[in-house]
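Peer 1: Input structure: input-v5.tsv, which contains TSV, C-alpha atoms.
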```
chain	number	residue	atom	x	y	z
P	176	MET	CA	81.93	106.28	93.01
P	177	TRP	CA	83.26	103.66	90.60
P	178	VAL	CA	84.62	103.63	87.05
P	179	PHE	CA	84.50	100.51	84.84
P	180	GLY	CA	87.46	99.91	82.53
P	181	TYR	CA	87.53	97.30	79.76
P	182	GLY	CA	90.40	98.48	77.53
P	183	SER	CA	93.27	100.90	78.11
P	184	LEU	CA	91.74	102.16	81.37
P	185	MET	CA	92.71	98.79	82.86
P	186	TRP	CA	96.44	99.29	82.22
P	187	ARG	CA	96.64	103.11	82.02
P	188	PRO	CA	93.81	104.58	84.06
P	189	GLY	CA	95.34	108.06	84.36
P	190	PHE	CA	93.45	108.93	87.54
P	191	ASP	CA	93.82	108.28	91.27
P	192	TYR	CA	91.82	105.41	92.75
P	193	VAL	CA	91.75	103.66	96.12
P	194	GLU	CA	90.61	100.22	95.00
P	195	ALA	CA	90.62	98.23	91.76
P	196	ARG	CA	88.58	95.03	91.54
P	197	PRO	CA	87.85	92.58	88.74
P	198	ALA	CA	84.24	93.11	87.74
P	199	ARG	CA	81.63	91.86	85.28
P	200	MET	CA	79.21	94.17	83.52
P	201	ALA	CA	76.15	92.45	82.03
P	202	GLY	CA	74.44	93.48	78.81
P	203	VAL	CA	77.59	94.67	77.00
P	204	HIS	CA	80.74	93.06	75.66
P	205	ARG	CA	84.24	94.24	74.74
P	206	GLN	CA	84.58	94.58	70.97
P	207	PRO	CA	87.22	96.06	68.64
P	208	CYS	CA	84.57	98.18	66.93
P	209	VAL	CA	85.62	101.84	67.02
P	210	TYR	CA	87.61	103.62	64.33
P	211	SER	CA	90.14	105.73	66.24
P	212	TYR	CA	90.69	109.16	64.71
P	213	VAL	CA	92.71	110.63	67.61
P	214	HIS	CA	94.35	108.33	70.18
P	215	ARG	CA	95.36	105.35	67.97
P	216	GLY	CA	94.89	106.67	64.46
P	217	THR	CA	93.91	109.69	62.41
P	218	PRO	CA	90.92	110.51	60.19
P	219	GLU	CA	93.15	109.74	57.18
P	220	ARG	CA	94.46	106.47	58.69
P	221	PRO	CA	92.07	105.31	61.44
P	222	GLY	CA	93.08	102.67	63.92
P	223	ILE	CA	90.71	100.37	65.79
P	224	VAL	CA	90.02	100.56	69.52
P	225	LEU	CA	87.66	98.77	71.85
P	226	GLY	CA	84.13	99.68	72.71
P	227	LEU	CA	81.45	98.28	74.97
P	228	ASP	CA	78.91	97.01	72.45
P	229	ARG	CA	75.42	95.62	73.09
P	230	GLY	CA	74.88	92.08	74.33
P	231	GLY	CA	76.72	89.52	76.42
P	232	SER	CA	78.87	90.52	79.36
P	233	CYS	CA	82.29	92.01	79.89
P	234	LEU	CA	84.98	91.24	82.45
P	235	GLY	CA	87.10	94.26	83.27
P	236	LEU	CA	88.25	96.32	86.24
P	237	ALA	CA	86.18	98.57	88.47
P	238	PHE	CA	88.05	101.44	90.12
P	239	ARG	CA	86.77	103.07	93.31
P	240	ILE	CA	87.33	106.81	93.42
P	241	GLU	CA	87.40	108.90	96.59
P	242	PRO	CA	84.56	111.44	96.67
P	243	HIS	CA	86.97	114.39	96.78
P	244	ASN	CA	88.59	113.18	93.51
P	245	TRP	CA	85.35	112.42	91.65
P	246	ASP	CA	84.91	115.71	89.75
P	247	LYS	CA	88.56	115.75	88.67
P	248	THR	CA	88.36	112.09	87.59
P	249	LEU	CA	85.14	112.61	85.65
P	250	ASP	CA	86.59	115.68	83.88
P	251	TYR	CA	89.67	113.64	82.94
P	252	LEU	CA	87.60	110.70	81.66
P	253	ARG	CA	85.30	112.91	79.62
P	254	GLY	CA	88.29	114.60	78.03
P	255	ARG	CA	89.85	111.24	77.20
P	256	GLU	CA	86.79	109.24	76.13
P	257	LEU	CA	84.50	111.85	74.59
P	258	VAL	CA	87.02	113.56	72.30
P	259	THR	CA	84.96	112.66	69.20
P	260	ASN	CA	81.73	111.62	70.97
P	261	VAL	CA	81.84	108.03	69.69
P	262	TYR	CA	81.20	106.91	73.28
P	263	LEU	CA	78.17	107.59	75.46
P	264	GLU	CA	78.70	108.13	79.17
P	265	ALA	CA	76.54	105.74	81.20
P	266	GLN	CA	75.90	104.54	84.71
P	267	ARG	CA	75.73	100.73	84.80
P	268	PRO	CA	75.81	98.08	87.52
P	269	ALA	CA	78.85	95.83	87.73
P	270	ARG	CA	79.39	92.78	89.92
P	271	LEU	CA	82.75	92.80	91.69
P	272	ASP	CA	84.77	89.65	92.31
P	273	ASP	CA	83.85	89.86	96.02
P	274	SER	CA	80.10	89.64	95.10
P	275	ARG	CA	79.30	93.32	95.70
P	276	THR	CA	77.28	95.08	93.01
P	277	VAL	CA	78.28	98.70	92.41
P	278	THR	CA	77.16	101.36	89.97
P	279	CYS	CA	79.97	102.35	87.62
P	280	THR	CA	80.49	105.20	85.24
P	281	THR	CA	81.53	103.74	81.92
P	282	PHE	CA	81.52	104.63	78.24
P	283	LEU	CA	79.42	102.66	75.74
P	284	VAL	CA	79.97	102.78	72.00
P	285	ASP	CA	77.42	104.85	70.07
P	286	THR	CA	76.40	102.43	67.32
P	287	GLY	CA	74.95	105.33	65.30
P	288	HIS	CA	78.25	107.25	65.21
P	289	GLU	CA	80.33	107.39	61.99
P	290	GLN	CA	83.31	105.88	63.88
P	291	TYR	CA	81.37	102.73	64.81
P	292	ALA	CA	82.98	99.95	62.79
P	293	GLY	CA	80.68	97.13	63.84
P	294	ARG	CA	82.02	93.58	63.82
P	295	LEU	CA	84.94	93.45	61.41
P	296	SER	CA	86.58	90.24	60.23
P	297	HIS	CA	89.92	89.24	61.70
P	298	ALA	CA	91.70	90.12	58.46
P	299	ALA	CA	90.00	93.54	58.29
P	300	LEU	CA	90.96	94.27	61.90
P	301	LEU	CA	94.61	93.39	61.28
P	302	LYS	CA	94.68	95.56	58.15
P	303	GLN	CA	93.16	98.51	60.03
P	304	VAL	CA	95.42	98.19	63.09
P	305	ARG	CA	98.77	97.60	61.39
P	306	GLY	CA	100.61	100.88	61.02
P	307	ALA	CA	97.91	103.11	62.54
P	308	VAL	CA	99.33	105.69	64.97
P	309	GLY	CA	97.62	108.45	66.93
P	310	LEU	CA	98.38	110.90	69.74
P	311	SER	CA	98.59	108.06	72.30
P	312	GLY	CA	100.88	105.90	70.15
P	313	PRO	CA	100.72	102.90	67.83
P	314	ASN	CA	97.46	101.00	67.52
P	315	GLU	CA	99.32	97.68	67.82
P	316	ALA	CA	100.68	98.67	71.27
P	317	TYR	CA	97.17	99.50	72.52
P	318	LEU	CA	95.80	96.08	71.60
P	319	LEU	CA	98.86	94.20	72.85
P	320	GLU	CA	98.83	96.02	76.21
P	321	THR	CA	95.13	95.31	76.62
P	322	ALA	CA	95.57	91.62	75.76
P	323	ASN	CA	98.48	91.38	78.22
P	324	LYS	CA	96.44	92.99	81.00
P	325	LEU	CA	93.55	90.61	80.38
P	326	LYS	CA	95.95	87.68	80.51
P	327	ASP	CA	97.37	88.97	83.82
P	328	LEU	CA	93.82	89.14	85.19
P	329	GLY	CA	93.03	85.62	83.96
P	330	VAL	CA	90.39	86.93	81.55
P	331	ARG	CA	89.94	85.08	78.25
P	332	ASP	CA	89.03	87.16	75.22
P	333	ARG	CA	89.67	84.87	72.27
P	334	ARG	CA	89.19	87.56	69.62
P	335	LEU	CA	91.66	89.92	71.27
P	336	GLU	CA	94.07	87.05	71.95
P	337	ALA	CA	94.06	86.10	68.25
P	338	LEU	CA	94.72	89.72	67.24
P	339	ALA	CA	97.54	90.00	69.76
P	340	ARG	CA	99.08	86.74	68.57
P	341	ASP	CA	99.09	87.87	64.94
P	342	LEU	CA	100.33	91.37	65.80
P	343	SER	CA	103.13	89.87	67.93
P	344	GLN	CA	104.13	87.64	65.01
P	345	ASP	CA	104.31	90.78	62.86
P	346	GLU	CA	106.73	92.34	65.36
P	347	SER	CA	108.92	89.24	65.64
P	348	SER	CA	109.05	88.72	61.87
P	349	SER	CA	110.12	92.35	61.31
P	350	VAL	CA	113.28	91.86	63.37
P	351	SER	CA	116.20	91.12	61.09
P	352	ILE	CA	119.42	89.49	62.16
P	353	SER	CA	122.61	90.54	60.48
P	354	CYS	CA	125.49	88.09	60.22
P	355	SER	CA	128.99	89.01	59.19
```
Output the file's structure in the form of structure tokens.
Peer 2:
Amino acid sequence: MWVFGYGSLMWRPGFDYVEARPARMAGVHRQPCVYSYVHRGTPERPGIVLGLDRGGSCLGLAFRIEPHNWDKTLDYLRGRELVTNVYLEAQRPARLDDSRTVTCTTFLVDTGHEQYAGRLSHAALLKQVRGAVGLSGPNEAYLLETANKLKDLGVRDRRLEALARDLSQDESSSVSISCS
């Protein structure tokens, strides 16, 4: 019983697990492609969050769940990930860093959903993310935390790294120093 995380689940899983392993899931890639109406934005001011989109492969974390915690974990994940049904629950194989292949529950972006943003330009992503806030906090914090976790894991995601770099520059340039 495994769960695959590729975004905030990597740094804030919110459930009990007994093992977390770096893992690669083939056939999908991490993409900032979901308009967030709840957790990192609102319908009036959507943020952008990550989705598992078609093609390529994705490095993330696989979490092993004890059988007695599975139902509780699945209920939690469905409540968190399916709040607007922009994700589709799926069972997909993932290859762990120790060469085991396990079947993981994960959530794929529904490309037919109104919240699917597709592949936005860097400038459009920055414009959408800056200032967006939802129930789980600022959109900027979500992307920065995810980029930091990927860096800690030694995972390169150039698109997310570029967003994080520009968002971090926004934060550092907004700090003013007063001299008297």
Peer 1: State, in Å with one decimal place, the distance from atom CA of Ala316 of chain P to atom CA of Leu301 of chain P.
Peer 2: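 Atom-to-atom, atom CA of Ala316 of chain P to atom CA of Leu301 of chain P, that is 12.8 Å.
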Peer 1: Provide the atom CA of Leu342 of chain P to atom CA of Cys208 of chain P distance in Å, to one decimal place.
Peer 2: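 The value is 17.2 Å.
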Peer 1: Show me the residues close to (79.3, 106.7, 72.7) - anything with an atom within 12 Å, counting all atoms listed in the file - and format the list as a ChimeraX atom specification.
Peer 2: /P:208-209,225-229,253,256-265,281-291
Peer 1: Calculated over all atoms listed in the file, which of the candidates P:Cys279, P:Ala201, P:Leu335, P:Ile223 has the smallest distance to Ala292 of chain P?
Peer 2: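 Closest to Ala292 of chain P of all the choices is P:Ile223.
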Peer 1: Find the residue from P:Ala299, P:Val203, P:Leu184, P:Ala195 that sits nearest to Gly230 of chain P; use all atoms listed in the file when measuring.
Peer 2: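 Closest residue, counting all atoms listed in the file: P:Val203.
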Peer 1: Do you know which residues are at most 12 Å from Lys302 of chain P counting all atoms listed in the file, after dropping those on the same chain fewer than 4 positions away, and could you put them as a list of chain:residue names?
Peer 2: P:Arg220, P:Pro221, P:Gly222, P:Ile223, P:Leu295, P:Ser296, P:His297, P:Ala298, P:Gly306, P:Ala307, P:Asn314, P:Glu315, P:Leu338, P:Asp341, P:Leu342, P:Asp345
Peer 1: Which distance in Å separates atom CA of Ala237 of chain P and atom CA of Phe179 of chain P, to one decimal?
Peer 2: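 Computing the Euclidean distance for atom CA of Ala237 of chain P and atom CA of Phe179 of chain P yields 4.4 Å.
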Peer 1: Would you mind telling me which residue in P:Val304, P:Leu310, P:Ala339, P:Leu319 lies nearest to Trp186 of chain P when using all atoms listed in the file?
Peer 2: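 Nearest to Trp186 of chain P: P:Leu319.
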Peer 1: Smallest atom-to-atom distance to Val308 of chain P: which of P:Leu328, P:Val224, P:Leu249, P:Ala269, using all atoms listed in the file?
Peer 2: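 Of P:Leu328, P:Val224, P:Leu249, P:Ala269, the one nearest Val308 of chain P is P:Val224, counting all atoms listed in the file.
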Peer 1: Find the residue from P:Gly180, P:Pro268, P:Gly216, P:Pro188 that sits nearest to Gly312 of chain P; use only C-alpha atoms when measuring.
Peer 2: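 Looking only at the distances to Gly312 of chain P, the closest residue turns out to be P:Gly216.
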Peer 1: From the options P:Thr278, P:Cys233, P:Gln303, P:Pro313, which residue's atoms come nearest to Val213 of chain P, counting only C-alpha atoms?
Peer 2: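 The answer is P:Pro313, which sits nearest to Val213 of chain P.
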